[in-house]
file final_23.cif (mmCIF, N, CA and C atoms)
data_work
#
loop_
_atom_site.label_atom_id
_atom_site.label_comp_id
_atom_site.auth_asym_id
_atom_site.auth_seq_id
_atom_site.Cartn_x
_atom_site.Cartn_y
_atom_site.Cartn_z
N MET B 1409 0.24 11.86 7.76
CA MET B 1409 -0.19 10.62 8.34
C MET B 1409 -1.69 10.62 8.57
N ALA B 1410 -2.33 11.71 8.33
CA ALA B 1410 -3.76 11.81 8.58
C ALA B 1410 -4.57 10.81 7.77
N ALA B 1411 -4.19 10.53 6.53
CA ALA B 1411 -4.95 9.59 5.71
C ALA B 1411 -4.90 8.20 6.32
N GLY B 1412 -3.73 7.76 6.73
CA GLY B 1412 -3.59 6.45 7.36
C GLY B 1412 -4.38 6.38 8.65
N VAL B 1413 -4.33 7.43 9.44
CA VAL B 1413 -5.05 7.46 10.70
C VAL B 1413 -6.55 7.43 10.44
N ALA B 1414 -7.02 8.17 9.45
CA ALA B 1414 -8.45 8.19 9.15
C ALA B 1414 -8.95 6.82 8.73
N VAL B 1415 -8.20 6.13 7.91
CA VAL B 1415 -8.62 4.81 7.47
C VAL B 1415 -8.66 3.85 8.64
N LEU B 1416 -7.62 3.86 9.48
CA LEU B 1416 -7.57 2.94 10.61
C LEU B 1416 -8.64 3.27 11.64
N THR B 1417 -8.84 4.55 11.91
CA THR B 1417 -9.84 4.94 12.88
C THR B 1417 -11.23 4.57 12.40
N ALA B 1418 -11.48 4.75 11.11
CA ALA B 1418 -12.80 4.41 10.56
C ALA B 1418 -13.08 2.93 10.69
N CYS B 1419 -12.05 2.10 10.72
CA CYS B 1419 -12.25 0.66 10.85
C CYS B 1419 -12.27 0.23 12.31
N GLY B 1420 -12.14 1.18 13.24
CA GLY B 1420 -12.20 0.85 14.65
C GLY B 1420 -10.90 0.32 15.21
N ALA B 1421 -9.78 0.62 14.58
CA ALA B 1421 -8.50 0.13 15.06
C ALA B 1421 -7.67 1.27 15.62
N SER B 1422 -6.66 0.93 16.33
CA SER B 1422 -5.75 1.92 16.85
C SER B 1422 -4.83 2.40 15.75
N ALA B 1423 -4.49 3.67 15.77
CA ALA B 1423 -3.59 4.22 14.77
C ALA B 1423 -2.14 4.06 15.21
N SER B 1424 -1.92 3.49 16.38
CA SER B 1424 -0.54 3.33 16.83
C SER B 1424 0.10 2.16 16.12
N GLY B 1425 1.39 2.08 16.24
CA GLY B 1425 2.09 0.99 15.57
C GLY B 1425 2.74 1.50 14.33
N GLY B 1426 3.72 0.83 13.88
CA GLY B 1426 4.48 1.35 12.77
C GLY B 1426 4.19 0.66 11.49
N ALA B 1427 5.12 -0.10 11.08
CA ALA B 1427 5.14 -0.54 9.70
C ALA B 1427 4.17 -1.61 9.41
N ALA B 1428 3.20 -1.86 9.95
CA ALA B 1428 2.25 -2.56 9.18
C ALA B 1428 1.89 -3.97 9.39
N GLU B 1429 1.15 -4.34 8.44
CA GLU B 1429 0.70 -5.68 8.17
C GLU B 1429 0.22 -6.40 9.41
N PRO B 1430 -0.61 -7.38 9.16
CA PRO B 1430 -1.09 -8.20 10.26
C PRO B 1430 0.07 -9.02 10.81
N SER B 1431 -0.08 -9.52 12.03
CA SER B 1431 1.00 -10.32 12.58
C SER B 1431 1.11 -11.64 11.83
N GLY B 1432 2.31 -12.19 11.85
CA GLY B 1432 2.54 -13.46 11.17
C GLY B 1432 2.88 -13.24 9.72
N PRO B 1433 3.22 -14.31 9.02
CA PRO B 1433 3.58 -14.16 7.60
C PRO B 1433 2.37 -13.74 6.78
N SER B 1434 2.55 -12.67 6.00
CA SER B 1434 1.41 -12.13 5.28
C SER B 1434 1.06 -12.96 4.05
N GLY B 1435 1.82 -13.97 3.73
CA GLY B 1435 1.50 -14.79 2.57
C GLY B 1435 0.59 -15.95 2.90
N ALA B 1436 0.49 -16.35 4.17
CA ALA B 1436 -0.33 -17.49 4.55
C ALA B 1436 -1.79 -17.07 4.66
N ALA B 1437 -2.70 -17.86 4.07
CA ALA B 1437 -4.12 -17.50 4.04
C ALA B 1437 -4.69 -17.33 5.44
N GLY B 1438 -4.21 -18.07 6.43
CA GLY B 1438 -4.71 -17.95 7.79
C GLY B 1438 -4.31 -16.64 8.44
N ASN B 1439 -3.34 -15.95 7.90
CA ASN B 1439 -2.87 -14.69 8.47
C ASN B 1439 -3.19 -13.50 7.59
N CYS B 1440 -4.21 -13.59 6.78
CA CYS B 1440 -4.58 -12.48 5.91
C CYS B 1440 -5.24 -11.37 6.72
N ALA B 1441 -4.93 -10.13 6.37
CA ALA B 1441 -5.54 -8.98 7.03
C ALA B 1441 -7.00 -8.90 6.63
N ALA B 1442 -7.84 -8.52 7.57
CA ALA B 1442 -9.27 -8.34 7.30
C ALA B 1442 -9.70 -6.99 7.84
N GLY B 1443 -10.49 -6.28 7.07
CA GLY B 1443 -10.99 -4.98 7.51
C GLY B 1443 -10.06 -3.84 7.18
N HIS B 1444 -8.87 -3.90 7.71
CA HIS B 1444 -7.88 -2.86 7.45
C HIS B 1444 -6.47 -3.42 7.60
N ALA B 1445 -5.54 -2.75 6.98
CA ALA B 1445 -4.11 -3.03 7.15
C ALA B 1445 -3.38 -1.73 6.85
N GLN B 1446 -2.22 -1.57 7.44
CA GLN B 1446 -1.41 -0.41 7.13
C GLN B 1446 -0.03 -0.90 6.71
N VAL B 1447 0.45 -0.32 5.62
CA VAL B 1447 1.79 -0.63 5.13
C VAL B 1447 2.56 0.68 5.10
N THR B 1448 3.67 0.72 5.83
CA THR B 1448 4.53 1.89 5.86
C THR B 1448 5.86 1.51 5.23
N VAL B 1449 6.29 2.31 4.28
CA VAL B 1449 7.55 2.07 3.58
C VAL B 1449 8.51 3.19 3.95
N ALA B 1450 9.67 2.82 4.47
CA ALA B 1450 10.68 3.79 4.89
C ALA B 1450 11.97 3.52 4.13
N PRO B 1451 12.85 4.52 4.06
CA PRO B 1451 14.14 4.30 3.40
C PRO B 1451 14.85 3.09 4.00
N GLY B 1452 15.39 2.26 3.13
CA GLY B 1452 16.09 1.06 3.57
C GLY B 1452 15.21 -0.18 3.64
N ASP B 1453 13.90 -0.01 3.56
CA ASP B 1453 13.00 -1.16 3.57
C ASP B 1453 13.12 -1.92 2.25
N PRO B 1454 12.71 -3.20 2.22
CA PRO B 1454 12.73 -3.94 0.96
C PRO B 1454 11.88 -3.25 -0.10
N ALA B 1455 12.31 -3.34 -1.34
CA ALA B 1455 11.61 -2.68 -2.44
C ALA B 1455 10.38 -3.45 -2.90
N VAL B 1456 10.24 -4.70 -2.45
CA VAL B 1456 9.08 -5.52 -2.81
C VAL B 1456 8.56 -6.18 -1.53
N ARG B 1457 7.26 -6.11 -1.34
CA ARG B 1457 6.61 -6.78 -0.21
C ARG B 1457 5.36 -7.49 -0.71
N SER B 1458 4.91 -8.45 0.06
CA SER B 1458 3.67 -9.17 -0.23
C SER B 1458 2.70 -8.95 0.91
N LEU B 1459 1.42 -8.90 0.59
CA LEU B 1459 0.39 -8.72 1.60
C LEU B 1459 -0.83 -9.54 1.21
N CYS B 1460 -1.31 -10.36 2.13
CA CYS B 1460 -2.52 -11.15 1.93
C CYS B 1460 -3.65 -10.44 2.67
N VAL B 1461 -4.78 -10.23 1.97
CA VAL B 1461 -5.92 -9.56 2.58
C VAL B 1461 -7.19 -10.34 2.28
N ARG B 1462 -8.19 -10.12 3.10
CA ARG B 1462 -9.52 -10.69 2.86
C ARG B 1462 -10.32 -9.70 2.02
N PRO B 1463 -11.35 -10.17 1.34
CA PRO B 1463 -12.17 -9.28 0.52
C PRO B 1463 -12.69 -8.10 1.33
N GLY B 1464 -12.69 -6.93 0.70
CA GLY B 1464 -13.20 -5.72 1.33
C GLY B 1464 -12.22 -4.98 2.22
N THR B 1465 -11.02 -5.47 2.35
CA THR B 1465 -10.02 -4.82 3.20
C THR B 1465 -9.56 -3.50 2.58
N VAL B 1466 -9.34 -2.52 3.44
CA VAL B 1466 -8.77 -1.24 3.02
C VAL B 1466 -7.34 -1.18 3.55
N VAL B 1467 -6.40 -0.95 2.65
CA VAL B 1467 -4.99 -0.87 3.03
C VAL B 1467 -4.56 0.59 2.98
N ALA B 1468 -4.05 1.09 4.09
CA ALA B 1468 -3.50 2.44 4.14
C ALA B 1468 -2.01 2.32 3.82
N LEU B 1469 -1.60 2.95 2.74
CA LEU B 1469 -0.20 2.90 2.30
C LEU B 1469 0.45 4.23 2.62
N MET B 1470 1.54 4.19 3.40
CA MET B 1470 2.30 5.39 3.72
C MET B 1470 3.73 5.20 3.22
N LEU B 1471 4.16 6.11 2.36
CA LEU B 1471 5.51 6.07 1.79
C LEU B 1471 6.30 7.20 2.42
N ARG B 1472 7.22 6.87 3.30
CA ARG B 1472 8.03 7.88 4.00
C ARG B 1472 8.92 8.61 3.00
N PRO B 1473 9.38 9.81 3.35
CA PRO B 1473 10.24 10.57 2.43
C PRO B 1473 11.47 9.77 2.04
N ARG B 1474 11.86 9.91 0.79
CA ARG B 1474 13.03 9.21 0.28
C ARG B 1474 14.29 9.97 0.68
N ILE B 1475 15.42 9.26 0.74
CA ILE B 1475 16.68 9.91 1.12
C ILE B 1475 17.52 10.27 -0.10
N ASP B 1476 17.06 9.87 -1.29
CA ASP B 1476 17.77 10.28 -2.51
C ASP B 1476 17.10 11.55 -3.04
N ASP B 1477 17.39 11.92 -4.25
CA ASP B 1477 16.82 13.16 -4.80
C ASP B 1477 15.44 12.95 -5.42
N LYS B 1478 14.86 11.75 -5.27
CA LYS B 1478 13.57 11.45 -5.89
C LYS B 1478 12.42 11.70 -4.92
N ARG B 1479 11.25 11.96 -5.51
CA ARG B 1479 10.03 12.13 -4.73
C ARG B 1479 8.98 11.16 -5.25
N TRP B 1480 8.12 10.71 -4.36
CA TRP B 1480 7.03 9.84 -4.76
C TRP B 1480 6.10 10.61 -5.69
N THR B 1481 5.63 9.96 -6.74
CA THR B 1481 4.79 10.66 -7.71
C THR B 1481 3.39 10.07 -7.87
N ALA B 1482 3.23 8.76 -7.70
CA ALA B 1482 1.93 8.14 -7.92
C ALA B 1482 1.96 6.69 -7.46
N VAL B 1483 0.75 6.11 -7.36
CA VAL B 1483 0.59 4.69 -7.09
C VAL B 1483 -0.29 4.13 -8.20
N HIS B 1484 0.15 3.01 -8.77
CA HIS B 1484 -0.60 2.35 -9.85
C HIS B 1484 -0.88 0.91 -9.44
N THR B 1485 -1.85 0.30 -10.10
CA THR B 1485 -2.18 -1.10 -9.84
C THR B 1485 -2.32 -1.87 -11.15
N SER B 1486 -1.98 -3.14 -11.10
CA SER B 1486 -2.13 -3.99 -12.28
C SER B 1486 -3.56 -4.49 -12.43
N ALA B 1487 -4.35 -4.41 -11.36
CA ALA B 1487 -5.72 -4.94 -11.39
C ALA B 1487 -6.64 -4.05 -10.55
N PRO B 1488 -7.16 -2.97 -11.16
CA PRO B 1488 -8.02 -2.07 -10.40
C PRO B 1488 -9.27 -2.74 -9.83
N ALA B 1489 -9.72 -3.83 -10.42
CA ALA B 1489 -10.90 -4.53 -9.89
C ALA B 1489 -10.58 -5.25 -8.58
N LEU B 1490 -9.31 -5.48 -8.30
CA LEU B 1490 -8.91 -6.16 -7.06
C LEU B 1490 -8.34 -5.22 -6.02
N ALA B 1491 -7.56 -4.25 -6.40
CA ALA B 1491 -6.95 -3.30 -5.46
C ALA B 1491 -6.94 -1.93 -6.13
N LEU B 1492 -7.87 -1.09 -5.72
CA LEU B 1492 -8.05 0.21 -6.35
C LEU B 1492 -7.43 1.31 -5.50
N PRO B 1493 -6.37 1.97 -6.02
CA PRO B 1493 -5.77 3.07 -5.26
C PRO B 1493 -6.64 4.33 -5.32
N SER B 1494 -6.69 5.05 -4.22
CA SER B 1494 -7.40 6.33 -4.17
C SER B 1494 -6.77 7.20 -3.09
N GLY B 1495 -7.19 8.44 -3.05
CA GLY B 1495 -6.75 9.34 -1.98
C GLY B 1495 -5.28 9.68 -2.01
N TRP B 1496 -4.65 9.72 -3.19
CA TRP B 1496 -3.23 10.04 -3.28
C TRP B 1496 -2.98 11.43 -2.71
N ARG B 1497 -1.97 11.51 -1.84
CA ARG B 1497 -1.59 12.79 -1.26
C ARG B 1497 -0.10 12.80 -1.00
N LEU B 1498 0.54 13.91 -1.30
CA LEU B 1498 1.96 14.09 -1.03
C LEU B 1498 2.11 15.25 -0.05
N ASP B 1499 2.64 14.97 1.13
CA ASP B 1499 2.85 15.99 2.14
C ASP B 1499 4.07 16.85 1.80
N PRO B 1500 4.15 18.06 2.36
CA PRO B 1500 5.31 18.93 2.10
C PRO B 1500 6.65 18.29 2.48
N ASP B 1501 6.66 17.39 3.48
CA ASP B 1501 7.91 16.75 3.88
C ASP B 1501 8.32 15.60 2.97
N GLY B 1502 7.47 15.26 1.97
CA GLY B 1502 7.80 14.19 1.04
C GLY B 1502 7.12 12.87 1.34
N THR B 1503 6.37 12.79 2.44
CA THR B 1503 5.63 11.57 2.75
C THR B 1503 4.41 11.49 1.83
N ALA B 1504 4.19 10.32 1.26
CA ALA B 1504 3.05 10.11 0.37
C ALA B 1504 2.07 9.14 1.02
N HIS B 1505 0.78 9.32 0.71
CA HIS B 1505 -0.28 8.48 1.26
C HIS B 1505 -1.22 8.05 0.15
N ALA B 1506 -1.72 6.85 0.27
CA ALA B 1506 -2.78 6.36 -0.62
C ALA B 1506 -3.56 5.28 0.11
N SER B 1507 -4.79 5.08 -0.29
CA SER B 1507 -5.60 3.98 0.21
C SER B 1507 -5.78 2.99 -0.92
N LEU B 1508 -5.77 1.72 -0.57
CA LEU B 1508 -6.05 0.66 -1.53
C LEU B 1508 -7.32 -0.04 -1.07
N ARG B 1509 -8.35 0.01 -1.88
CA ARG B 1509 -9.60 -0.65 -1.55
C ARG B 1509 -9.63 -1.98 -2.29
N CYS B 1510 -9.64 -3.06 -1.51
CA CYS B 1510 -9.57 -4.39 -2.11
C CYS B 1510 -10.99 -4.89 -2.42
N ALA B 1511 -11.09 -5.66 -3.46
CA ALA B 1511 -12.38 -6.16 -3.95
C ALA B 1511 -13.17 -6.83 -2.83
N ALA B 1512 -14.48 -6.59 -2.85
CA ALA B 1512 -15.35 -7.17 -1.83
C ALA B 1512 -15.86 -8.56 -2.22
N ALA B 1513 -15.86 -8.87 -3.51
CA ALA B 1513 -16.46 -10.12 -3.94
C ALA B 1513 -15.56 -10.94 -4.86
N ARG B 1514 -14.32 -10.59 -4.95
CA ARG B 1514 -13.41 -11.32 -5.84
C ARG B 1514 -12.18 -11.78 -5.08
N SER B 1515 -11.50 -12.73 -5.67
CA SER B 1515 -10.20 -13.13 -5.16
C SER B 1515 -9.22 -13.05 -6.31
N GLY B 1516 -7.95 -12.93 -6.00
CA GLY B 1516 -6.93 -12.83 -7.03
C GLY B 1516 -5.75 -12.04 -6.53
N ALA B 1517 -4.92 -11.60 -7.45
CA ALA B 1517 -3.69 -10.89 -7.09
C ALA B 1517 -3.56 -9.62 -7.91
N ALA B 1518 -2.97 -8.62 -7.28
CA ALA B 1518 -2.70 -7.35 -7.96
C ALA B 1518 -1.31 -6.88 -7.55
N ARG B 1519 -0.62 -6.28 -8.47
CA ARG B 1519 0.69 -5.69 -8.19
C ARG B 1519 0.50 -4.18 -8.11
N VAL B 1520 0.75 -3.63 -6.93
CA VAL B 1520 0.62 -2.19 -6.70
C VAL B 1520 2.03 -1.61 -6.70
N THR B 1521 2.25 -0.62 -7.53
CA THR B 1521 3.57 -0.02 -7.64
C THR B 1521 3.52 1.46 -7.26
N ALA B 1522 4.55 1.88 -6.54
CA ALA B 1522 4.71 3.29 -6.19
C ALA B 1522 5.86 3.84 -7.03
N LEU B 1523 5.60 4.94 -7.71
CA LEU B 1523 6.58 5.53 -8.62
C LEU B 1523 7.28 6.70 -7.96
N ALA B 1524 8.54 6.91 -8.35
CA ALA B 1524 9.31 8.04 -7.84
C ALA B 1524 10.15 8.63 -8.96
N LYS B 1525 10.46 9.92 -8.82
CA LYS B 1525 11.22 10.62 -9.85
C LYS B 1525 11.89 11.84 -9.23
N ALA B 1526 13.07 12.16 -9.73
CA ALA B 1526 13.72 13.41 -9.34
C ALA B 1526 12.96 14.55 -10.01
N PRO B 1527 12.59 15.58 -9.27
CA PRO B 1527 11.75 16.63 -9.84
C PRO B 1527 12.41 17.44 -10.96
N ASP B 1528 13.71 17.52 -10.96
CA ASP B 1528 14.38 18.37 -11.95
C ASP B 1528 14.99 17.58 -13.11
N ILE B 1529 14.63 16.31 -13.25
CA ILE B 1529 15.15 15.45 -14.31
C ILE B 1529 14.02 15.08 -15.26
N ALA B 1530 14.26 15.20 -16.55
CA ALA B 1530 13.26 14.82 -17.55
C ALA B 1530 13.08 13.31 -17.55
N GLY B 1531 11.94 12.88 -18.01
CA GLY B 1531 11.69 11.45 -18.13
C GLY B 1531 10.56 11.01 -17.22
N ALA B 1532 10.15 9.78 -17.43
CA ALA B 1532 9.03 9.22 -16.68
C ALA B 1532 9.49 8.73 -15.31
N PRO B 1533 8.59 8.77 -14.33
CA PRO B 1533 8.91 8.19 -13.02
C PRO B 1533 9.14 6.69 -13.16
N ARG B 1534 9.90 6.13 -12.23
CA ARG B 1534 10.20 4.70 -12.24
C ARG B 1534 9.65 4.05 -10.97
N VAL B 1535 9.40 2.75 -11.07
CA VAL B 1535 8.91 2.00 -9.93
C VAL B 1535 9.98 1.99 -8.83
N ALA B 1536 9.59 2.41 -7.63
CA ALA B 1536 10.52 2.44 -6.50
C ALA B 1536 10.08 1.49 -5.39
N PHE B 1537 8.83 1.07 -5.42
CA PHE B 1537 8.31 0.14 -4.42
C PHE B 1537 7.18 -0.67 -5.05
N THR B 1538 7.12 -1.96 -4.71
CA THR B 1538 6.07 -2.84 -5.21
C THR B 1538 5.43 -3.57 -4.04
N LEU B 1539 4.10 -3.58 -4.03
CA LEU B 1539 3.34 -4.33 -3.04
C LEU B 1539 2.50 -5.35 -3.80
N ASP B 1540 2.79 -6.62 -3.61
CA ASP B 1540 2.02 -7.69 -4.23
C ASP B 1540 0.88 -8.04 -3.28
N VAL B 1541 -0.35 -7.72 -3.69
CA VAL B 1541 -1.53 -7.92 -2.86
C VAL B 1541 -2.29 -9.14 -3.35
N ARG B 1542 -2.57 -10.06 -2.42
CA ARG B 1542 -3.40 -11.23 -2.72
C ARG B 1542 -4.71 -11.08 -1.96
N VAL B 1543 -5.82 -11.12 -2.66
CA VAL B 1543 -7.14 -11.10 -2.02
C VAL B 1543 -7.61 -12.54 -1.93
N VAL B 1544 -7.77 -13.03 -0.70
CA VAL B 1544 -8.11 -14.43 -0.45
C VAL B 1544 -9.47 -14.49 0.24
N PRO B 1545 -10.44 -15.20 -0.35
CA PRO B 1545 -11.77 -15.27 0.27
C PRO B 1545 -11.74 -16.05 1.58
N TYR B 1546 -12.74 -15.78 2.40
CA TYR B 1546 -12.89 -16.56 3.62
C TYR B 1546 -13.25 -17.99 3.24
N ALA B 1547 -12.85 -18.94 4.07
CA ALA B 1547 -13.19 -20.35 3.82
C ALA B 1547 -14.69 -20.53 3.98
N ARG B 1548 -15.27 -21.30 3.10
CA ARG B 1548 -16.71 -21.58 3.19
C ARG B 1548 -16.92 -22.85 4.00
N GLU B 1549 -17.91 -22.80 4.83
CA GLU B 1549 -18.25 -23.98 5.61
C GLU B 1549 -19.41 -24.70 4.96
N GLY B 1550 -19.44 -25.98 5.13
CA GLY B 1550 -20.60 -26.67 4.62
C GLY B 1550 -20.26 -27.87 3.94
#
call {"tool": "encode", "arguments": {"input": "final_23.cif", "output": "structure tokens"}}
result
Amino acid sequence: MAAGVAVLTACGASASGGAAEPSGPSGAAGNCAAGHAQVTVAPGDPAVRSLCVRPGTVVALMLRPRIDDKRWTAVHTSAPALALPSGWRLDPDGTAHASLRCAAARSGAARVTALAKAPDIAGAPRVAFTLDVRVVPYAREG
């Protein structure tokens, strides 16, 4: 959990709290996260989530250990210019961490996928979680 705590602390927020996201529906532009957001995925959570963020937001992604025989293997993005994953780490207990740095000067959408695979089975990892990230600019006055 250190990666998530470091990102939140660096943004001046409390590291307490659980699963994430800004309050309110994350799809509405008025409720977009700004500065930082944390998304925690635990067994039994929905496999697809949406998150609205403002430009420059850093999202701390924490993937709790899976209850099946699979382990988290990586995080990928459909649009690295909008949501760039970094800091991938897998803890000994199976918890995975990554940071998503959202574009500072662009708006748009990116699909971030977390892959999982059984360690003793041949083949490529499969998508086990999807986070649809929308980067929405601040409203301009004038």
call {"tool": "resolve_selection", "arguments": {"input": "final_23.cif", "expression": "the PyMOL selection byres ((chain B and resi 1534) around 6)", "output": "short mmCIF file (atom, residue, chain, number, x, y, z; two decimals) with N, CA and C atoms, in the frame of the given file"}}
result
data_model
loop_
_atom_site.label_atom_id
_atom_site.label_comp_id
_atom_site.auth_asym_id
_atom_site.auth_seq_id
_atom_site.Cartn_x
_atom_site.Cartn_y
_atom_site.Cartn_z
N ALA B 1522 4.55 1.88 -6.54
CA ALA B 1522 4.71 3.29 -6.19
C ALA B 1522 5.86 3.84 -7.03
N LEU B 1523 5.60 4.94 -7.71
CA LEU B 1523 6.58 5.53 -8.62
C LEU B 1523 7.28 6.70 -7.96
N ALA B 1524 8.54 6.91 -8.35
CA ALA B 1524 9.31 8.04 -7.84
C ALA B 1524 10.15 8.63 -8.96
N LYS B 1525 10.46 9.92 -8.82
CA LYS B 1525 11.22 10.62 -9.85
C LYS B 1525 11.89 11.84 -9.23
N ALA B 1532 10.15 9.78 -17.43
CA ALA B 1532 9.03 9.22 -16.68
C ALA B 1532 9.49 8.73 -15.31
N PRO B 1533 8.59 8.77 -14.33
CA PRO B 1533 8.91 8.19 -13.02
C PRO B 1533 9.14 6.69 -13.16
N VAL B 1535 9.40 2.75 -11.07
CA VAL B 1535 8.91 2.00 -9.93
C VAL B 1535 9.98 1.99 -8.83
N ALA B 1536 9.59 2.41 -7.63
CA ALA B 1536 10.52 2.44 -6.50
C ALA B 1536 10.08 1.49 -5.39
#
call {"tool": "resolve_selection", "arguments": {"input": "final_23.cif", "expression": "the PyMOL selection byres (((chain B and resi 1505-1516 and name CA) around 9) and name CA)", "output": "MDAnalysis selection string"}}
result
chainID B and resid 1409:1412 1415 1461:1472 1482:1483 1488:1499 1503:1504 1517:1518 1520 1541:1545
call {"tool": "atom_distance", "arguments": {"input": "final_23.cif", "atom1": "atom C of Phe1537 of chain B", "atom2": "atom C of Asp1477 of chain B"}}
result
15.9 Å
call {"tool": "closest_residue", "arguments": {"input": "final_23.cif", "among": "B:Asp1476, B:Asn1439, B:Gln1446, B:Pro1500", "to": "Cys1460 of chain B", "atoms": "only N, CA and C atoms"}}
result
B:Asn1439
call {"tool": "residues_around", "arguments": {"input": "final_23.cif", "residues": "Thr1538 of chain B", "least_positions_apart": "4", "cutoff": "9 Å", "atoms": "only C-alpha atoms", "output": "PyMOL selection string"}}
result
chain B and resi 1455-1458+1519-1522
call {"tool": "closest_residue", "arguments": {"input": "final_23.cif", "among": "B:Gly1452, B:Gly1443, B:Gly1502, B:Gly1531", "to": "Trp1480 of chain B", "atoms": "only C-alpha atoms"}}
result
B:Gly1502
call {"tool": "atom_distance", "arguments": {"input": "final_23.cif", "atom1": "atom N of Pro1451 of chain B", "atom2": "atom C of Ile1475 of chain B"}}
result
8.5 Å
call {"tool": "axis_aligned_box", "arguments": {"input": "final_23.cif", "around": "segment 1473-1489 of chain B", "padding_each_side": "3 Å", "output": "AutoDock Vina command-line options"}}
result
--center_x 3.4 --center_y 4.0 --center_z -4.5 --size_x 34.7 --size_y 24.4 --size_z 21.8
